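Enquirer: My file is model-v6.pdb. It has PDB, C-alpha atoms and all ligand atoms:
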```pdb
ATOM      1  CA  MET A   1      95.155  73.070  80.659  1.00  0.00           C
ATOM      2  CA  ASN A   2      94.165  72.913  84.340  1.00  0.00           C
ATOM      3  CA  LYS A   3      90.599  74.055  84.941  1.00  0.00           C
ATOM      4  CA  ILE A   4      89.845  77.391  86.633  1.00  0.00           C
ATOM      5  CA  THR A   5      87.528  77.163  89.663  1.00  0.00           C
ATOM      6  CA  LEU A   6      85.995  79.992  91.668  1.00  0.00           C
ATOM      7  CA  THR A   7      86.576  79.728  95.432  1.00  0.00           C
ATOM      8  CA  ALA A   8      84.360  81.058  98.238  1.00  0.00           C
ATOM      9  CA  ASP A   9      86.182  84.386  98.684  1.00  0.00           C
ATOM     10  CA  GLY A  10      85.723  85.239  95.003  1.00  0.00           C
ATOM     11  CA  SER A  11      89.306  84.391  94.006  1.00  0.00           C
ATOM     12  CA  ASN A  12      90.134  81.662  91.518  1.00  0.00           C
ATOM     13  CA  THR A  13      92.141  78.500  91.833  1.00  0.00           C
ATOM     14  CA  LEU A  14      93.113  75.784  89.365  1.00  0.00           C
ATOM     15  CA  TYR A  15      92.127  72.132  89.501  1.00  0.00           C
ATOM     16  CA  ASN A  16      94.928  69.670  88.804  1.00  0.00           C
ATOM     17  CA  GLU A  17      93.337  66.654  87.108  1.00  0.00           C
ATOM     18  CA  ASN A  18      96.384  64.385  87.457  1.00  0.00           C
ATOM     19  CA  ILE A  19      96.478  64.857  91.214  1.00  0.00           C
ATOM     20  CA  GLY A  20      92.709  65.287  91.641  1.00  0.00           C
ATOM     21  CA  GLU A  21      92.986  68.380  93.801  1.00  0.00           C
ATOM     22  CA  HIS A  22      92.798  72.176  93.652  1.00  0.00           C
ATOM     23  CA  TYR A  23      95.917  74.283  94.058  1.00  0.00           C
ATOM     24  CA  HIS A  24      94.283  76.180  96.957  1.00  0.00           C
ATOM     25  CA  SER A  25      91.453  75.925  99.463  1.00  0.00           C
ATOM     26  CA  LYS A  26      87.975  75.971  97.918  1.00  0.00           C
ATOM     27  CA  HIS A  27      86.990  78.130 100.905  1.00  0.00           C
ATOM     28  CA  GLY A  28      89.114  80.964  99.505  1.00  0.00           C
ATOM     29  CA  ALA A  29      92.418  80.892  97.661  1.00  0.00           C
ATOM     30  CA  VAL A  30      93.593  84.417  98.454  1.00  0.00           C
ATOM     31  CA  GLN A  31      92.211  84.187 101.991  1.00  0.00           C
ATOM     32  CA  GLU A  32      94.167  80.968 102.636  1.00  0.00           C
ATOM     33  CA  SER A  33      97.388  82.366 101.202  1.00  0.00           C
ATOM     34  CA  LYS A  34      97.152  85.497 103.351  1.00  0.00           C
ATOM     35  CA  HIS A  35      96.160  83.609 106.496  1.00  0.00           C
ATOM     36  CA  VAL A  36      98.691  80.778 106.383  1.00  0.00           C
ATOM     37  CA  PHE A  37     101.700  82.124 104.556  1.00  0.00           C
ATOM     38  CA  ILE A  38     101.546  85.894 105.052  1.00  0.00           C
ATOM     39  CA  ALA A  39     100.034  86.385 108.520  1.00  0.00           C
ATOM     40  CA  ALA A  40     101.387  83.230 110.193  1.00  0.00           C
ATOM     41  CA  GLY A  41     104.600  83.094 108.116  1.00  0.00           C
ATOM     42  CA  LEU A  42     105.977  86.310 106.685  1.00  0.00           C
ATOM     43  CA  GLU A  43     104.594  88.727 109.309  1.00  0.00           C
ATOM     44  CA  HIS A  44     105.846  86.438 112.059  1.00  0.00           C
ATOM     45  CA  ALA A  45     109.287  86.161 110.413  1.00  0.00           C
ATOM     46  CA  ILE A  46     109.559  89.956 110.136  1.00  0.00           C
ATOM     47  CA  SER A  47     108.844  90.312 113.857  1.00  0.00           C
ATOM     48  CA  SER A  48     111.063  87.339 114.785  1.00  0.00           C
ATOM     49  CA  PHE A  49     114.114  88.733 112.975  1.00  0.00           C
ATOM     50  CA  PRO A  50     113.983  92.434 113.927  1.00  0.00           C
ATOM     51  CA  GLY A  51     116.353  94.697 112.057  1.00  0.00           C
ATOM     52  CA  GLN A  52     116.768  92.200 109.245  1.00  0.00           C
ATOM     53  CA  GLN A  53     116.307  94.073 105.949  1.00  0.00           C
ATOM     54  CA  GLN A  54     115.781  90.972 103.854  1.00  0.00           C
ATOM     55  CA  ILE A  55     113.820  87.788 104.488  1.00  0.00           C
ATOM     56  CA  SER A  56     114.785  84.707 102.520  1.00  0.00           C
ATOM     57  CA  ILE A  57     111.927  82.359 101.738  1.00  0.00           C
ATOM     58  CA  LEU A  58     111.885  78.833 100.379  1.00  0.00           C
ATOM     59  CA  GLU A  59     108.552  77.604  99.025  1.00  0.00           C
ATOM     60  CA  VAL A  60     107.666  74.034  98.212  1.00  0.00           C
ATOM     61  CA  GLY A  61     105.279  74.210  95.243  1.00  0.00           C
ATOM     62  CA  PHE A  62     105.242  77.460  93.201  1.00  0.00           C
ATOM     63  CA  GLY A  63     102.018  76.443  91.428  1.00  0.00           C
ATOM     64  CA  THR A  64     100.124  79.534  90.235  1.00  0.00           C
ATOM     65  CA  GLY A  65     102.488  81.941  92.034  1.00  0.00           C
ATOM     66  CA  LEU A  66      99.726  83.159  94.368  1.00  0.00           C
ATOM     67  CA  ASN A  67     101.855  82.901  97.527  1.00  0.00           C
ATOM     68  CA  PHE A  68     104.666  84.718  95.766  1.00  0.00           C
ATOM     69  CA  LEU A  69     102.324  87.531  94.674  1.00  0.00           C
ATOM     70  CA  MET A  70     100.884  87.957  98.178  1.00  0.00           C
ATOM     71  CA  THR A  71     104.387  87.892  99.659  1.00  0.00           C
ATOM     72  CA  ALA A  72     105.801  90.445  97.232  1.00  0.00           C
ATOM     73  CA  ALA A  73     102.816  92.755  97.831  1.00  0.00           C
ATOM     74  CA  TYR A  74     103.076  92.508 101.625  1.00  0.00           C
ATOM     75  CA  ALA A  75     106.853  92.927 101.628  1.00  0.00           C
ATOM     76  CA  ASP A  76     106.659  95.910  99.304  1.00  0.00           C
ATOM     77  CA  LEU A  77     104.141  97.661 101.589  1.00  0.00           C
ATOM     78  CA  SER A  78     106.219  96.850 104.702  1.00  0.00           C
ATOM     79  CA  GLY A  79     109.474  98.043 103.150  1.00  0.00           C
ATOM     80  CA  VAL A  80     111.091  94.622 103.545  1.00  0.00           C
ATOM     81  CA  SER A  81     112.989  93.025 100.719  1.00  0.00           C
ATOM     82  CA  ILE A  82     112.540  89.367  99.939  1.00  0.00           C
ATOM     83  CA  GLU A  83     114.551  86.702  98.248  1.00  0.00           C
ATOM     84  CA  TYR A  84     112.065  84.035  97.217  1.00  0.00           C
ATOM     85  CA  THR A  85     113.133  80.612  96.013  1.00  0.00           C
ATOM     86  CA  SER A  86     110.336  78.283  94.986  1.00  0.00           C
ATOM     87  CA  LEU A  87     110.580  74.627  94.039  1.00  0.00           C
ATOM     88  CA  GLU A  88     108.238  73.335  91.377  1.00  0.00           C
ATOM     89  CA  ALA A  89     108.335  69.858  89.878  1.00  0.00           C
ATOM     90  CA  PHE A  90     105.566  70.474  87.314  1.00  0.00           C
ATOM     91  CA  PRO A  91     105.570  74.147  86.268  1.00  0.00           C
ATOM     92  CA  LEU A  92     102.311  75.532  84.900  1.00  0.00           C
ATOM     93  CA  ARG A  93     102.283  77.345  81.587  1.00  0.00           C
ATOM     94  CA  SER A  94     102.408  81.139  81.818  1.00  0.00           C
ATOM     95  CA  GLU A  95      98.947  81.314  80.161  1.00  0.00           C
ATOM     96  CA  GLU A  96      97.645  79.296  83.121  1.00  0.00           C
ATOM     97  CA  LEU A  97      99.184  81.729  85.599  1.00  0.00           C
ATOM     98  CA  GLU A  98      97.628  84.573  83.641  1.00  0.00           C
ATOM     99  CA  SER A  99      94.201  82.889  83.614  1.00  0.00           C
ATOM    100  CA  THR A 100      93.926  83.069  87.432  1.00  0.00           C
ATOM    101  CA  GLY A 101      93.082  86.788  87.361  1.00  0.00           C
ATOM    102  CA  TYR A 102      95.292  87.418  90.382  1.00  0.00           C
ATOM    103  CA  GLU A 103      96.316  90.786  88.949  1.00  0.00           C
ATOM    104  CA  GLN A 104      93.382  92.335  90.835  1.00  0.00           C
ATOM    105  CA  TYR A 105      95.061  91.574  94.195  1.00  0.00           C
ATOM    106  CA  VAL A 106      98.496  93.108  93.543  1.00  0.00           C
ATOM    107  CA  SER A 107     100.036  96.129  91.850  1.00  0.00           C
ATOM    108  CA  GLY A 108     100.548  96.059  88.093  1.00  0.00           C
ATOM    109  CA  ALA A 109     104.307  96.124  88.685  1.00  0.00           C
ATOM    110  CA  ILE A 110     104.224  92.924  90.747  1.00  0.00           C
ATOM    111  CA  TRP A 111     101.803  91.125  88.422  1.00  0.00           C
ATOM    112  CA  LYS A 112     103.657  92.026  85.235  1.00  0.00           C
ATOM    113  CA  GLY A 113     106.974  91.512  86.979  1.00  0.00           C
ATOM    114  CA  MET A 114     106.027  87.930  87.819  1.00  0.00           C
ATOM    115  CA  LEU A 115     104.508  87.053  84.449  1.00  0.00           C
ATOM    116  CA  ASN A 116     107.247  88.701  82.376  1.00  0.00           C
ATOM    117  CA  ASN A 117     109.950  87.044  84.442  1.00  0.00           C
ATOM    118  CA  TYR A 118     108.330  83.607  84.863  1.00  0.00           C
ATOM    119  CA  GLY A 119     110.500  81.852  82.259  1.00  0.00           C
ATOM    120  CA  LYS A 120     113.629  83.763  83.229  1.00  0.00           C
ATOM    121  CA  ALA A 121     113.097  83.022  86.938  1.00  0.00           C
ATOM    122  CA  MET A 122     113.480  79.337  86.099  1.00  0.00           C
ATOM    123  CA  GLN A 123     117.038  80.001  84.895  1.00  0.00           C
ATOM    124  CA  GLN A 124     118.283  82.563  87.404  1.00  0.00           C
ATOM    125  CA  VAL A 125     117.418  84.905  90.262  1.00  0.00           C
ATOM    126  CA  THR A 126     115.229  87.683  88.820  1.00  0.00           C
ATOM    127  CA  ALA A 127     114.101  91.021  90.258  1.00  0.00           C
ATOM    128  CA  VAL A 128     110.307  91.177  89.989  1.00  0.00           C
ATOM    129  CA  LEU A 129     110.549  94.510  91.831  1.00  0.00           C
ATOM    130  CA  PRO A 130     113.978  95.970  92.655  1.00  0.00           C
ATOM    131  CA  GLU A 131     113.786  94.549  96.201  1.00  0.00           C
ATOM    132  CA  GLN A 132     111.701  91.447  95.491  1.00  0.00           C
ATOM    133  CA  LYS A 133     113.788  88.678  93.984  1.00  0.00           C
ATOM    134  CA  LEU A 134     112.351  85.431  92.601  1.00  0.00           C
ATOM    135  CA  ARG A 135     113.933  82.166  91.595  1.00  0.00           C
ATOM    136  CA  ILE A 136     111.885  79.119  90.604  1.00  0.00           C
ATOM    137  CA  VAL A 137     113.805  75.886  90.713  1.00  0.00           C
ATOM    138  CA  HIS A 138     112.332  73.342  88.328  1.00  0.00           C
ATOM    139  CA  THR A 139     112.957  70.268  90.435  1.00  0.00           C
ATOM    140  CA  TYR A 140     111.452  67.767  92.807  1.00  0.00           C
ATOM    141  CA  LEU A 141     111.911  68.676  96.479  1.00  0.00           C
ATOM    142  CA  GLN A 142     113.319  65.159  96.895  1.00  0.00           C
ATOM    143  CA  ARG A 143     116.263  66.086  94.602  1.00  0.00           C
ATOM    144  CA  TYR A 144     116.832  69.649  95.758  1.00  0.00           C
ATOM    145  CA  GLU A 145     120.176  70.504  97.353  1.00  0.00           C
ATOM    146  CA  THR A 146     121.629  73.875  98.264  1.00  0.00           C
ATOM    147  CA  ALA A 147     124.094  75.288 100.769  1.00  0.00           C
ATOM    148  CA  GLN A 148     121.766  78.248 101.351  1.00  0.00           C
ATOM    149  CA  LEU A 149     119.855  78.442 104.644  1.00  0.00           C
ATOM    150  CA  PHE A 150     116.494  80.238 104.587  1.00  0.00           C
ATOM    151  CA  ASP A 151     114.608  82.267 107.207  1.00  0.00           C
ATOM    152  CA  LEU A 152     111.172  80.958 106.293  1.00  0.00           C
ATOM    153  CA  LEU A 153     109.766  77.842 104.616  1.00  0.00           C
ATOM    154  CA  TYR A 154     106.324  77.825 103.002  1.00  0.00           C
ATOM    155  CA  TYR A 155     105.375  74.155 102.821  1.00  0.00           C
ATOM    156  CA  ASP A 156     102.553  74.227 100.259  1.00  0.00           C
ATOM    157  CA  ALA A 157     102.449  70.703  98.854  1.00  0.00           C
ATOM    158  CA  PHE A 158      99.218  69.034  97.750  1.00  0.00           C
ATOM    159  CA  SER A 159      97.466  67.273 100.612  1.00  0.00           C
ATOM    160  CA  VAL A 160      98.584  64.057 102.245  1.00  0.00           C
ATOM    161  CA  GLN A 161      95.526  62.288 100.753  1.00  0.00           C
ATOM    162  CA  HIS A 162      96.678  63.110  97.221  1.00  0.00           C
ATOM    163  CA  GLN A 163     100.468  63.255  97.566  1.00  0.00           C
ATOM    164  CA  PRO A 164     101.443  61.244 100.670  1.00  0.00           C
ATOM    165  CA  GLU A 165     105.090  61.136  99.562  1.00  0.00           C
ATOM    166  CA  MET A 166     105.305  64.907 100.194  1.00  0.00           C
ATOM    167  CA  TRP A 167     104.462  64.370 103.877  1.00  0.00           C
ATOM    168  CA  SER A 168     106.741  61.451 104.789  1.00  0.00           C
ATOM    169  CA  ASP A 169     109.042  61.947 107.797  1.00  0.00           C
ATOM    170  CA  GLU A 170     112.040  61.759 105.450  1.00  0.00           C
ATOM    171  CA  ILE A 171     110.891  64.479 103.061  1.00  0.00           C
ATOM    172  CA  ILE A 172     109.856  66.777 105.918  1.00  0.00           C
ATOM    173  CA  ALA A 173     113.298  66.294 107.525  1.00  0.00           C
ATOM    174  CA  HIS A 174     114.947  66.966 104.143  1.00  0.00           C
ATOM    175  CA  ALA A 175     112.967  70.213 103.634  1.00  0.00           C
ATOM    176  CA  CYS A 176     113.844  71.341 107.159  1.00  0.00           C
ATOM    177  CA  THR A 177     117.598  71.096 106.502  1.00  0.00           C
ATOM    178  CA  PHE A 178     117.220  74.243 104.340  1.00  0.00           C
ATOM    179  CA  LEU A 179     116.116  76.413 107.298  1.00  0.00           C
ATOM    180  CA  LYS A 180     118.604  78.318 109.410  1.00  0.00           C
ATOM    181  CA  PRO A 181     118.605  77.873 113.226  1.00  0.00           C
ATOM    182  CA  GLY A 182     115.536  79.795 114.449  1.00  0.00           C
ATOM    183  CA  GLY A 183     114.001  79.485 110.959  1.00  0.00           C
ATOM    184  CA  ILE A 184     110.233  79.192 110.586  1.00  0.00           C
ATOM    185  CA  PHE A 185     108.189  76.462 108.875  1.00  0.00           C
ATOM    186  CA  VAL A 186     104.515  77.107 108.024  1.00  0.00           C
ATOM    187  CA  THR A 187     101.899  74.970 106.374  1.00  0.00           C
ATOM    188  CA  TYR A 188      98.113  74.859 106.056  1.00  0.00           C
ATOM    189  CA  ALA A 189      97.994  71.257 107.301  1.00  0.00           C
ATOM    190  CA  ILE A 190      98.372  69.746 110.741  1.00  0.00           C
ATOM    191  CA  THR A 191      98.528  66.082 111.699  1.00  0.00           C
ATOM    192  CA  GLY A 192     100.027  64.162 114.595  1.00  0.00           C
ATOM    193  CA  LYS A 193     102.494  62.554 112.196  1.00  0.00           C
ATOM    194  CA  LEU A 194     103.679  65.928 110.877  1.00  0.00           C
ATOM    195  CA  LYS A 195     104.094  67.296 114.407  1.00  0.00           C
ATOM    196  CA  ARG A 196     106.157  64.241 115.405  1.00  0.00           C
ATOM    197  CA  ALA A 197     108.310  64.505 112.271  1.00  0.00           C
ATOM    198  CA  LEU A 198     109.093  68.158 113.032  1.00  0.00           C
ATOM    199  CA  LYS A 199     109.754  67.549 116.732  1.00  0.00           C
ATOM    200  CA  ALA A 200     112.142  64.730 115.780  1.00  0.00           C
ATOM    201  CA  VAL A 201     114.304  67.231 113.880  1.00  0.00           C
ATOM    202  CA  GLY A 202     114.364  69.751 116.706  1.00  0.00           C
ATOM    203  CA  PHE A 203     111.400  72.029 115.983  1.00  0.00           C
ATOM    204  CA  THR A 204     109.040  73.694 118.461  1.00  0.00           C
ATOM    205  CA  ILE A 205     105.447  73.320 117.292  1.00  0.00           C
ATOM    206  CA  GLU A 206     102.624  75.859 117.396  1.00  0.00           C
ATOM    207  CA  LYS A 207      99.039  75.008 116.587  1.00  0.00           C
ATOM    208  CA  LEU A 208      97.305  78.088 115.153  1.00  0.00           C
ATOM    209  CA  PRO A 209      93.734  78.693 114.003  1.00  0.00           C
ATOM    210  CA  GLY A 210      93.442  77.510 110.421  1.00  0.00           C
ATOM    211  CA  ALA A 211      92.233  79.422 107.383  1.00  0.00           C
ATOM    212  CA  PRO A 212      88.425  79.223 106.868  1.00  0.00           C
ATOM    213  CA  GLY A 213      87.492  75.596 106.234  1.00  0.00           C
ATOM    214  CA  LYS A 214      90.313  74.259 108.452  1.00  0.00           C
ATOM    215  CA  ARG A 215      90.244  74.245 112.227  1.00  0.00           C
ATOM    216  CA  GLU A 216      93.992  74.433 112.716  1.00  0.00           C
ATOM    217  CA  MET A 217      97.268  74.974 110.907  1.00  0.00           C
ATOM    218  CA  LEU A 218     100.867  74.461 111.909  1.00  0.00           C
ATOM    219  CA  ARG A 219     103.843  76.694 112.475  1.00  0.00           C
ATOM    220  CA  ALA A 220     107.155  75.321 113.729  1.00  0.00           C
ATOM    221  CA  THR A 221     110.447  76.945 114.674  1.00  0.00           C
ATOM    222  CA  LYS A 222     113.832  75.329 114.247  1.00  0.00           C
ATOM    223  CA  SER A 223     115.952  75.113 117.383  1.00  0.00           C
ATOM    224  CA  GLN A 224     118.754  77.680 117.694  1.00  0.00           C
ATOM    225  CA  ILE A 225     121.420  75.008 118.152  1.00  0.00           C
TER     226      ILE A 225
HETATM  227  C1  LIG B 301      99.175  73.107  96.579  1.00  0.00           C
HETATM  228  S1  LIG B 301     100.059  73.386  95.101  1.00  0.00           S
HETATM  229  C2  LIG B 301     100.969  74.880  95.430  1.00  0.00           C
HETATM  230  C3  LIG B 301     100.196  76.154  95.278  1.00  0.00           C
HETATM  231  C4  LIG B 301     101.087  77.348  95.136  1.00  0.00           C
HETATM  232  N1  LIG B 301     101.908  77.576  96.284  1.00  0.00           N
HETATM  233  C5  LIG B 301     100.340  78.588  94.723  1.00  0.00           C
HETATM  234  O1  LIG B 301     100.472  79.632  95.405  1.00  0.00           O
HETATM  235  O2  LIG B 301      99.664  78.526  93.699  1.00  0.00           O
HETATM  236  C6  LIG B 301     101.361  72.157  95.202  1.00  0.00           C
HETATM  237  C7  LIG B 301     102.448  72.346  94.172  1.00  0.00           C
HETATM  238  O3  LIG B 301     103.505  71.418  94.428  1.00  0.00           O
HETATM  239  C8  LIG B 301     104.023  70.967  93.197  1.00  0.00           C
HETATM  240  N2  LIG B 301     104.735  69.682  93.431  1.00  0.00           N
HETATM  241  C9  LIG B 301     104.214  68.429  93.428  1.00  0.00           C
HETATM  242  N3  LIG B 301     105.177  67.522  93.730  1.00  0.00           N
HETATM  243  C10 LIG B 301     106.322  68.225  93.951  1.00  0.00           C
HETATM  244  C11 LIG B 301     107.659  67.849  94.284  1.00  0.00           C
HETATM  245  N4  LIG B 301     107.984  66.558  94.486  1.00  0.00           N
HETATM  246  N5  LIG B 301     108.582  68.815  94.399  1.00  0.00           N
HETATM  247  C12 LIG B 301     108.248  70.122  94.191  1.00  0.00           C
HETATM  248  N6  LIG B 301     107.001  70.531  93.858  1.00  0.00           N
HETATM  249  C13 LIG B 301     106.044  69.606  93.748  1.00  0.00           C
HETATM  250  C14 LIG B 301     102.782  70.844  92.333  1.00  0.00           C
HETATM  251  O4  LIG B 301     103.087  70.788  90.969  1.00  0.00           O
HETATM  252  C15 LIG B 301     102.003  72.082  92.743  1.00  0.00           C
HETATM  253  O5  LIG B 301     102.327  73.173  91.929  1.00  0.00           O
END
```
The structure in this file should be written as structure tokens.
Expert:
Amino acid sequence: MNKITLTADGSNTLYNENIGEHYHSKHGAVQESKHVFIAAGLEHAISSFPGQQQISILEVGFGTGLNFLMTAAYADLSGVSIEYTSLEAFPLRSEELESTGYEQYVSGAIWKGMLNNYGKAMQQVTAVLPEQKLRIVHTYLQRYETAQLFDLLYYDAFSVQHQPEMWSDEIIAHACTFLKPGGIFVTYAITGKLKRALKAVGFTIEKLPGAPGKREMLRATKSQI
């Protein structure tokens, strides 16, 4: 069982002993998720694709499901539907998801919807809420293939210090093939190497203020052609 740790904003995270890293920022798990993936990712995607009723999201690293919960809650309030596909090589047990206490940040329907559908979502697309669809693909990003093109990519791998293979130019280029032209890539990290890897596959880079504890984060937009 991965160990629960309290982060600075009062929300919990888990510590992964094999990797030697927490699943979220110690400066605030919920705060980081909202700052990086919701404000810089989902909100930006909603305004970038006006009139689009549904936003399709690909996440690298489902982990505890925190980004999914925050996304479903935000989308539900904004009246946007989401189709959320998340890749996870090492799925946590549902008791571990439950132990995070994240139910206090979302409605009961979203929390129960995620927990009750966790196993099922690994087999098929599941409606956590009628307009909030989840699919968890139990695979390594390196092996993932699909013909689907997504609006938004949440790149939430463990850090380059702990999982450098998740930040190689090749794996970044591979992940980016799943975005549609004009699609948006967001991540909590920013390095010169990552910026160069994204520029090399036709992305425009934006440096944004990072979540507390990080000076900057990165958002990138795929070229339209
Ligand atoms: C920083 S955590 C993600 C946190 C998560 N987004 C959340 O909201 O809790 C990184 C995740 O990537 C997963 N992972 C590690 N290697 C992977 C790979 N090659 N392909 C897909 N997922 C991977 C880990 O098991 C872990 O759950």
Enquirer: Show me which residues line ligand LIG 301 (chain B), defined as having an atom within 9 Å of a ligand atom where only C-alpha atoms and all ligand atoms count, and present them as an MDAnalysis selection string.
Expert: chainID A and resid 13:14 16 19 21:25 29:30 33 59:70 86:92 97 137:144 154:159 163 165:166
Enquirer: Using the chain letters and numbers from the file, give me the residues hit by the PyMOL selection byres (((chain A and resi 115) around 12) and not hetatm), as a ChimeraX atom specification.
Expert: /A:64-66,68-69,92-103,108-114,116-122,126-128,134
Enquirer: Could you please take those selected residues and save C-alpha atoms as a CSV table (one decimal), in the coordinates of the input?
Expert:
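Result written to result05.csv:
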```
chain,number,residue,atom,x,y,z
A,64,THR,CA,100.1,79.5,90.2
A,65,GLY,CA,102.5,81.9,92.0
A,66,LEU,CA,99.7,83.2,94.4
A,68,PHE,CA,104.7,84.7,95.8
A,69,LEU,CA,102.3,87.5,94.7
A,92,LEU,CA,102.3,75.5,84.9
A,93,ARG,CA,102.3,77.3,81.6
A,94,SER,CA,102.4,81.1,81.8
A,95,GLU,CA,98.9,81.3,80.2
A,96,GLU,CA,97.6,79.3,83.1
A,97,LEU,CA,99.2,81.7,85.6
A,98,GLU,CA,97.6,84.6,83.6
A,99,SER,CA,94.2,82.9,83.6
A,100,THR,CA,93.9,83.1,87.4
A,101,GLY,CA,93.1,86.8,87.4
A,102,TYR,CA,95.3,87.4,90.4
A,103,GLU,CA,96.3,90.8,88.9
A,108,GLY,CA,100.5,96.1,88.1
A,109,ALA,CA,104.3,96.1,88.7
A,110,ILE,CA,104.2,92.9,90.7
A,111,TRP,CA,101.8,91.1,88.4
A,112,LYS,CA,103.7,92.0,85.2
A,113,GLY,CA,107.0,91.5,87.0
A,114,MET,CA,106.0,87.9,87.8
A,116,ASN,CA,107.2,88.7,82.4
A,117,ASN,CA,110.0,87.0,84.4
A,118,TYR,CA,108.3,83.6,84.9
A,119,GLY,CA,110.5,81.9,82.3
A,120,LYS,CA,113.6,83.8,83.2
A,121,ALA,CA,113.1,83.0,86.9
A,122,MET,CA,113.5,79.3,86.1
A,126,THR,CA,115.2,87.7,88.8
A,127,ALA,CA,114.1,91.0,90.3
A,128,VAL,CA,110.3,91.2,90.0
A,134,LEU,CA,112.4,85.4,92.6
```
Enquirer: Considering only C-alpha atoms, can you say which of A:Ser168, A:Asp151, A:Gly28, A:Gly192 comes closest to Gln52 of chain A?
Expert: A:Asp151
Enquirer: Might you pull out every residue within 8 Å of segment 39-43 of chain A, with all atoms listed in the file counted and same-chain residues fewer than 4 positions away left off, and present them as a list in words?
Expert: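 The residues that qualify are Lys34, His35, Ser47, Thr71, Leu152, Tyr154, Ile184, Phe185, Val186 and Arg219 of chain A.
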Enquirer: Tell me, in Å to one decimal, how far atom CA of Ala175 of chain A is from atom CA of Leu208 of chain A.
Expert: 21.0 Å
Enquirer: Taking the file above as input, evaluate the PyMOL selection byres (((chain A and resi 210) around 10) and not hetatm) and report the hits as a list of chain:residue names.
Expert: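 Answer for the PyMOL selection byres (((chain A and resi 210) around 10) and not hetatm): A:Glu32, A:His35, A:Val36, A:Ala40, A:Thr187, A:Tyr188, A:Ala189, A:Ile190, A:Lys207, A:Leu208, A:Pro209, A:Ala211, A:Pro212, A:Gly213, A:Lys214, A:Arg215, A:Glu216, A:Met217, A:Leu218.
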Enquirer: Can you work out the spacing between atom CA of Ala197 of chain A and atom CA of Ile136 of chain A in Å, to one decimal?
Expert: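 It comes out at 26.4 Å.
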Enquirer: Using only C-alpha atoms, which residue out of A:His44, A:Lys195, A:His27, A:Tyr84 lies closest to Ser11 of chain A?
Expert: A:His27
Enquirer: Please determine, counting all atoms listed in the file, which residue among A:Lys3, A:Lys199, A:Lys133, A:Lys193 has the shortest atom-to-atom distance to Ala72 of chain A.
Expert: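 Distance minimum relative to Ala72 of chain A lands on A:Lys133.
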Enquirer: Take atom CA of Leu129 of chain A and atom CA of Ile38 of chain A and report the distance between them in Å, one decimal.
Expert: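 A separation of 18.2 Å between them.
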Enquirer: Excluding Leu179 of chain A and residues on its chain fewer than 6 positions from it, collect all residues at most 10 Å away from it, counting all atoms listed in the file, and give them as number ranges by chain.
Expert: A: 56-58, 148-153, 185, 221-222
Enquirer: If we draw a sphere of 10 Å around (116.2, 74.5, 124.1), which residues have at least one atom in it when counting all atoms listed in the file? Please report them as number ranges by chain.
Expert: A: 202-204, 223-225
Enquirer: Skip Ile55 of chain A itself and residues of its chain fewer than 6 positions away, then list as a list of chain:residue names all residues within 7 Å of it, counting all atoms listed in the file.
Expert: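 Result of the neighbour search: A:Ser81, A:Ile82, A:Glu83, A:Asp151.
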Enquirer: With all atoms listed in the file as the atoms that count, which of A:Leu194, A:Met1, A:Glu17, A:Val201 lies nearest to Ala173 of chain A?
Expert: A:Val201
Enquirer: Let me make sure I understand: among A:Leu198, A:Ala8, A:Ala220, A:Ala75, which one has the smallest atom-to-atom distance to Pro130 of chain A if we use all atoms listed in the file?
Expert: A:Ala75
